[in-house]
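Trainee: File entry09.csv follows (CSV, C-alpha atoms):
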```csv
chain,number,residue,atom,x,y,z
U,1,MET,CA,-9.8,12.4,-1.7
U,2,SER,CA,-13.3,13.9,-1.1
U,3,GLU,CA,-13.8,11.7,2.0
U,4,ALA,CA,-10.3,12.4,3.3
U,5,LYS,CA,-11.0,16.1,3.3
U,6,ARG,CA,-13.1,15.4,6.4
U,7,ASP,CA,-10.1,14.3,8.3
U,8,PRO,CA,-7.6,17.1,8.9
U,9,LEU,CA,-4.6,14.8,9.5
U,10,LEU,CA,-5.2,12.8,6.3
U,11,THR,CA,-5.8,15.9,4.3
U,12,THR,CA,-2.6,17.5,5.6
U,13,VAL,CA,-0.5,14.4,4.9
U,14,TRP,CA,-2.2,14.0,1.5
U,15,TRP,CA,-1.3,17.5,0.4
U,16,MET,CA,2.3,17.2,1.9
U,17,LEU,CA,2.8,14.1,-0.1
U,18,THR,CA,1.4,15.8,-3.3
U,19,ILE,CA,3.9,18.6,-2.8
U,20,LEU,CA,6.7,16.0,-2.3
U,21,LEU,CA,5.7,14.1,-5.4
U,22,VAL,CA,5.9,17.3,-7.4
U,23,LEU,CA,9.3,18.1,-5.9
U,24,CYS,CA,10.5,14.5,-6.8
U,25,VAL,CA,9.5,15.0,-10.4
U,26,GLY,CA,11.1,18.5,-10.6
U,27,LEU,CA,14.4,17.3,-8.9
U,28,GLY,CA,14.4,14.1,-11.0
U,29,VAL,CA,14.1,16.1,-14.2
U,30,PHE,CA,16.8,18.5,-13.0
U,31,CYS,CA,19.1,15.5,-12.2
U,32,LEU,CA,18.6,14.0,-15.6
U,33,LEU,CA,19.1,17.2,-17.5
U,34,ALA,CA,22.0,18.5,-15.5
U,35,TYR,CA,24.6,16.4,-17.1
U,36,PRO,CA,23.6,17.0,-20.8
U,37,VAL,CA,23.5,20.7,-20.0
U,38,MET,CA,27.0,20.4,-18.5
U,39,LEU,CA,28.2,18.6,-21.7
U,40,LEU,CA,26.7,21.3,-23.9
U,41,ASN,CA,28.6,24.0,-21.8
U,42,GLU,CA,31.6,21.7,-21.0
U,43,ALA,CA,34.3,24.5,-21.2
U,44,TYR,CA,32.4,26.7,-18.8
U,45,PHE,CA,31.8,24.0,-16.2
U,46,VAL,CA,35.3,22.5,-16.5
U,47,ALA,CA,36.7,26.0,-15.8
U,48,GLY,CA,34.3,26.4,-12.8
U,49,PHE,CA,35.3,23.0,-11.4
U,50,ALA,CA,39.0,23.8,-11.8
U,51,LYS,CA,38.5,26.8,-9.5
U,52,MET,CA,37.0,24.5,-6.9
U,53,GLY,CA,39.8,22.0,-7.3
U,54,ILE,CA,37.8,19.4,-9.1
U,55,ALA,CA,39.5,17.7,-12.0
U,56,PRO,CA,37.8,17.6,-15.5
U,57,SER,CA,37.8,13.8,-15.2
U,58,ALA,CA,35.2,14.1,-12.5
U,59,LEU,CA,32.6,15.3,-15.0
U,60,PRO,CA,31.4,11.8,-16.1
U,61,TRP,CA,31.1,10.9,-12.4
U,62,ILE,CA,28.8,13.9,-11.9
U,63,GLY,CA,26.7,12.5,-14.7
U,64,ILE,CA,26.6,9.1,-13.0
U,65,LEU,CA,25.7,10.8,-9.7
U,66,GLY,CA,22.9,12.6,-11.5
U,67,GLY,CA,21.6,9.4,-13.0
U,68,LEU,CA,21.7,7.7,-9.6
U,69,ALA,CA,20.0,10.6,-7.9
U,70,ALA,CA,17.3,10.5,-10.6
U,71,ALA,CA,16.8,6.8,-9.9
U,72,GLU,CA,16.6,7.5,-6.1
U,73,LEU,CA,14.1,10.2,-6.7
U,74,GLY,CA,12.1,7.8,-9.0
U,75,LEU,CA,12.0,5.2,-6.2
U,76,THR,CA,11.0,7.9,-3.7
U,77,PHE,CA,8.2,9.1,-6.0
U,78,SER,CA,6.9,5.5,-6.3
U,79,PHE,CA,7.2,5.1,-2.5
U,80,LEU,CA,5.2,8.4,-1.8
U,81,LEU,CA,2.6,7.5,-4.5
U,82,ASN,CA,1.9,4.2,-2.8
U,83,LEU,CA,1.6,6.0,0.6
U,84,ARG,CA,-0.8,8.4,-0.9
U,85,ARG,CA,-2.9,5.6,-2.3
U,86,ILE,CA,-3.1,4.0,1.1
U,87,ILE,CA,-4.4,7.4,2.4
U,88,ASP,CA,-7.0,7.3,-0.4
U,89,GLY,CA,-8.0,3.8,0.7
U,90,VAL,CA,-8.3,4.8,4.4
U,91,ALA,CA,-10.3,7.9,3.4
U,92,GLN,CA,-12.8,5.7,1.6
U,93,GLY,CA,-13.3,3.7,4.8
U,94,GLN,CA,-11.5,0.6,3.6
U,95,PRO,CA,-8.1,0.5,5.4
U,96,PHE,CA,-7.9,-3.3,5.4
U,97,ALA,CA,-8.3,-3.7,1.7
U,98,PRO,CA,-5.9,-6.2,0.0
U,99,ALA,CA,-4.7,-3.3,-2.2
U,100,ASN,CA,-3.3,-1.5,0.8
U,101,ALA,CA,-1.4,-4.6,1.9
U,102,GLY,CA,0.1,-4.6,-1.6
U,103,HIS,CA,1.0,-0.9,-1.4
U,104,LEU,CA,2.8,-1.5,1.9
U,105,ARG,CA,4.7,-4.5,0.5
U,106,ARG,CA,5.7,-2.4,-2.5
U,107,MET,CA,6.8,0.4,-0.2
U,108,ALA,CA,8.9,-2.0,1.8
U,109,TRP,CA,10.7,-3.3,-1.3
U,110,LEU,CA,11.1,0.3,-2.6
U,111,SER,CA,12.8,1.3,0.7
U,112,VAL,CA,15.2,-1.6,0.2
U,113,ALA,CA,15.9,-0.5,-3.3
U,114,MET,CA,16.3,3.1,-2.1
U,115,GLN,CA,18.9,1.9,0.5
U,116,ILE,CA,20.8,0.0,-2.3
U,117,VAL,CA,20.8,3.0,-4.6
U,118,GLY,CA,21.7,5.2,-1.7
U,119,VAL,CA,25.0,3.4,-1.1
U,120,PRO,CA,26.9,4.4,-4.3
U,121,ILE,CA,25.4,7.9,-4.0
U,122,THR,CA,26.8,8.3,-0.6
U,123,ARG,CA,30.2,6.9,-1.6
U,124,MET,CA,30.4,9.5,-4.4
U,125,LEU,CA,29.3,12.3,-2.1
U,126,VAL,CA,32.1,11.2,0.3
U,127,TRP,CA,34.5,11.3,-2.6
U,128,PHE,CA,33.3,14.8,-3.6
U,129,ASP,CA,33.5,15.8,0.1
U,130,ALA,CA,37.2,15.0,0.1
U,131,MET,CA,37.9,17.5,-2.6
U,132,PRO,CA,39.6,20.8,-1.6
U,133,HIS,CA,36.6,23.1,-1.9
U,134,LYS,CA,34.1,20.5,-0.8
U,135,PRO,CA,30.4,21.3,-0.8
U,136,HIS,CA,28.7,21.2,2.7
U,137,VAL,CA,26.9,17.9,2.6
U,138,HIS,CA,25.8,16.1,5.7
U,139,HIS,CA,25.5,12.3,5.3
U,140,HIS,CA,26.4,8.9,6.7
U,141,ALA,CA,29.8,7.8,5.4
U,142,HIS,CA,28.6,4.3,4.7
U,143,GLY,CA,25.4,5.2,3.0
U,144,ILE,CA,23.2,2.9,5.2
U,145,SER,CA,20.8,4.4,7.7
U,146,VAL,CA,19.7,2.4,10.7
U,147,GLY,CA,16.4,4.4,10.8
U,148,THR,CA,15.6,3.4,7.2
U,149,ILE,CA,16.4,-0.3,7.9
U,150,ILE,CA,14.0,-0.1,10.8
U,151,LEU,CA,11.4,1.7,8.6
U,152,THR,CA,11.8,-1.1,6.1
U,153,LEU,CA,11.2,-3.8,8.7
U,154,VAL,CA,8.2,-1.9,10.1
U,155,LEU,CA,6.7,-1.7,6.5
U,156,PHE,CA,7.1,-5.4,6.0
U,157,VAL,CA,5.4,-6.1,9.3
U,158,LEU,CA,2.6,-3.6,8.6
U,159,ALA,CA,2.1,-5.2,5.1
U,160,ARG,CA,1.6,-8.6,6.8
U,161,VAL,CA,-0.8,-7.0,9.4
U,162,PHE,CA,-2.8,-5.3,6.6
U,163,ARG,CA,-3.0,-8.6,4.7
U,164,THR,CA,-4.3,-10.4,7.7
U,165,GLY,CA,-6.7,-7.5,8.4
U,166,ALA,CA,-7.9,-7.7,4.8
U,167,GLU,CA,-8.6,-11.5,5.2
U,168,MET,CA,-10.5,-10.8,8.4
U,169,GLN,CA,-12.5,-8.1,6.7
U,170,GLN,CA,-13.4,-10.5,3.9
U,171,ASP,CA,-14.5,-13.1,6.5
U,172,LEU,CA,-16.5,-10.5,8.3
U,173,GLU,CA,-18.2,-9.4,5.1
U,174,GLY,CA,-19.0,-13.0,4.2
U,175,THR,CA,-20.7,-13.6,7.5
U,176,VAL,CA,-24.5,-13.6,7.6
M,1,MET,CA,-16.6,-25.5,0.7
M,2,ALA,CA,-17.7,-28.9,2.1
M,3,ILE,CA,-20.8,-27.4,3.8
M,4,THR,CA,-23.9,-27.0,1.7
M,5,VAL,CA,-27.0,-25.0,2.6
M,6,LYS,CA,-30.3,-26.6,2.1
M,7,LEU,CA,-32.5,-23.6,2.7
M,8,ASP,CA,-34.5,-24.1,-0.4
M,9,ASP,CA,-35.8,-27.5,0.7
M,10,ARG,CA,-36.9,-26.2,4.1
M,11,LEU,CA,-38.5,-23.1,2.6
M,12,GLN,CA,-40.5,-25.4,0.2
M,13,ASP,CA,-41.5,-27.6,3.1
M,14,ARG,CA,-42.8,-24.5,5.0
M,15,LYS,CA,-44.2,-22.9,1.9
M,16,MET,CA,-42.3,-19.7,2.8
M,17,THR,CA,-40.6,-17.3,0.4
M,18,LEU,CA,-37.0,-16.1,1.0
M,19,THR,CA,-38.3,-12.5,1.4
M,20,GLU,CA,-40.7,-13.6,4.1
M,21,LEU,CA,-38.0,-15.5,5.9
M,22,ALA,CA,-35.7,-12.5,5.7
M,23,GLU,CA,-38.4,-10.3,7.3
M,24,ARG,CA,-39.0,-12.8,10.1
M,25,VAL,CA,-35.3,-13.4,10.8
M,26,ASP,CA,-34.6,-9.7,10.5
M,27,ILE,CA,-31.7,-9.9,8.1
M,28,THR,CA,-31.4,-8.4,4.7
M,29,LEU,CA,-32.7,-10.4,1.7
M,30,ALA,CA,-29.2,-9.9,0.1
M,31,ASN,CA,-27.5,-11.6,3.0
M,32,LEU,CA,-30.1,-14.4,3.1
M,33,SER,CA,-29.5,-14.9,-0.7
M,34,ILE,CA,-25.8,-15.1,0.0
M,35,LEU,CA,-26.5,-17.9,2.5
M,36,LYS,CA,-28.9,-19.7,0.3
M,37,THR,CA,-26.5,-19.7,-2.7
M,38,GLY,CA,-23.7,-21.0,-0.6
M,39,LYS,CA,-21.6,-17.9,-1.0
M,40,ALA,CA,-21.4,-17.1,2.7
M,41,ARG,CA,-18.1,-17.7,4.5
M,42,ALA,CA,-19.7,-18.0,7.9
M,43,ILE,CA,-23.0,-17.9,9.7
M,44,ARG,CA,-23.7,-16.4,13.1
M,45,PHE,CA,-25.3,-18.6,15.8
M,46,SER,CA,-27.9,-15.9,16.2
M,47,THR,CA,-28.8,-16.0,12.5
M,48,LEU,CA,-28.8,-19.8,12.6
M,49,ALA,CA,-31.0,-19.9,15.7
M,50,ALA,CA,-33.5,-17.4,14.2
M,51,ILE,CA,-33.7,-19.4,10.9
M,52,CYS,CA,-34.3,-22.6,12.9
M,53,ARG,CA,-36.9,-20.9,15.0
M,54,GLU,CA,-38.8,-19.6,12.0
M,55,LEU,CA,-38.5,-22.9,10.0
M,56,ASP,CA,-39.1,-25.0,13.0
M,57,CYS,CA,-36.1,-27.2,12.3
M,58,GLN,CA,-32.6,-28.1,13.5
M,59,PRO,CA,-29.3,-26.7,12.2
M,60,GLY,CA,-28.6,-30.1,10.6
M,61,ASP,CA,-31.8,-29.7,8.5
M,62,ILE,CA,-30.3,-26.6,6.9
M,63,LEU,CA,-26.6,-27.3,6.8
M,64,GLU,CA,-25.0,-30.5,5.4
M,65,TYR,CA,-21.4,-31.6,5.4
M,66,ILE,CA,-20.3,-33.3,2.2
M,67,GLY,CA,-17.0,-35.1,2.4
M,68,ASP,CA,-14.4,-35.1,-0.4
```
With the file now loaded, output its structure as structure tokens.

Mentor:
Amino acid sequence: MSEAKRDPLLTTVWWMLTILLVLCVGLGVFCLLAYPVMLLNEAYFVAGFAKMGIAPSALPWIGILGGLAAAELGLTFSFLLNLRRIIDGVAQGQPFAPANAGHLRRMAWLSVAMQIVGVPITRMLVWFDAMPHKPHVHHHAHGISVGTIILTLVLFVLARVFRTGAEMQQDLEGTV
Amino acid sequence: MAITVKLDDRLQDRKMTLTELAERVDITLANLSILKTGKARAIRFSTLAAICRELDCQPGDILEYIGD
């Protein structure tokens, strides 16, 4: 990242991604630990849910939601990590490296996986939303975002552009 | 690659070293070595012209196509 420090934009994005990566880890750990903690204090949480109009039978579903959220955060972590590696590559003066095309391709597949995992999460949030004392959650009812689909397509195209760019770079380097 | 580079033969004919040719053609010794060993992916017309000028030969004297 020493080279990237010379570019304010890259440096800013690099640090923002680092903060988001840390947040992903923190939230992921929280999501994974929330359900076991609830089970350890089951009586307390069941009583609390009862006040909110949530049946005790919803407890396992909260566990599943936590697991799915942790999976989504894991995918997001991997997505952001790949993006940060691209920034590292660009900072080193080699944007059209084959590795960067690979990072973009992985990001595209990760965004597909994030969409797939996001569907049951949204369905469950809608279900929670229908409860009497619903939490204020804003989301798409179907769990599919048009913006994310476009992002995925853009990533696939960019991956192809980078792969071609990397091939051109290799040709250029092999020209005497 | 079906194209082979016969730079060694021409250098021997002219009793010239690779270093000397690199200086005359004004390209790095490393790049000329890449060309000589057949590791180059492409050659610029300007480089080819300079080599031909210094070795007093034609492109066909340096490059040879070998069919499968």

Trainee: Sort by chain and increasing residue number a table of all residues of chain U within 6 Å of chain M, each with its closest pair of atoms and their distance in Å to one decimal, counting only C-alpha atoms, and write it as CSV.

Mentor:
```
residue,atom,partner,partner_atom,distance
U:Gly174,CA,M:Arg41,CA,4.8
U:Thr175,CA,M:Ala42,CA,4.5
U:Val176,CA,M:Ile43,CA,5.0
```

Trainee: Would you mind reading off the distance between atom CA of Val13 of chain U and atom CA of Val117 of chain U, one decimal, in Å?

Mentor: 26.0 Å

Trainee: Between atom CA of Leu63 of chain M and atom CA of Lys6 of chain M, measure the distance and give it in Å to one decimal.

Mentor: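 So the two atoms, atom CA of Leu63 of chain M and atom CA of Lys6 of chain M, lie 6.0 Å apart.
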
Trainee: Do you know which residues are at most 10 Å from Asp61 of chain M counting only C-alpha atoms, after dropping those on the same chain fewer than 6 positions away, and could you put them as a ChimeraX atom specification?

Mentor: /M:5-7,9-10,52,55

Trainee: Report the distance between atom CA of Val161 of chain U and atom CA of Ile3 of chain M in Å, rounded to one decimal place.

Mentor: 29.1 Å

Trainee: Choose the residue, out of U:Met16, U:Met52, U:Leu33, U:Pro95, that has the smallest atom-to-atom separation from Met168 of chain U; count all atoms listed in the file.

Mentor: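 Using all atoms listed in the file, Met168 of chain U sits closest to U:Pro95.
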
Trainee: Using all atoms listed in the file, can you tell me which of U:Ile19, U:Ile149, U:Ala50, U:Ile64 comes closest to Pro36 of chain U?

Mentor: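 Using all atoms listed in the file, Pro36 of chain U sits closest to U:Ile64.
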
Trainee: Env of His103 of chain U: 8 Å cut, atoms = only C-alpha atoms, seq-sep filter 3 positions within chain, self excluded. Answer as a list in words.

Mentor: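 With the cut-off at 8 Å, the set is Asn82, Leu83, Arg85, Ile86, Ala99, Asn100, Arg106, Met107 and Ala159 of chain U.
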
Trainee: Near Leu27 of chain U, within 10 Å and counting only C-alpha atoms, which residues show up once chain neighbours fewer than 4 positions away are dropped, as a ChimeraX atom specification?

Mentor: /U:21-23,31-33,69-70,73-74
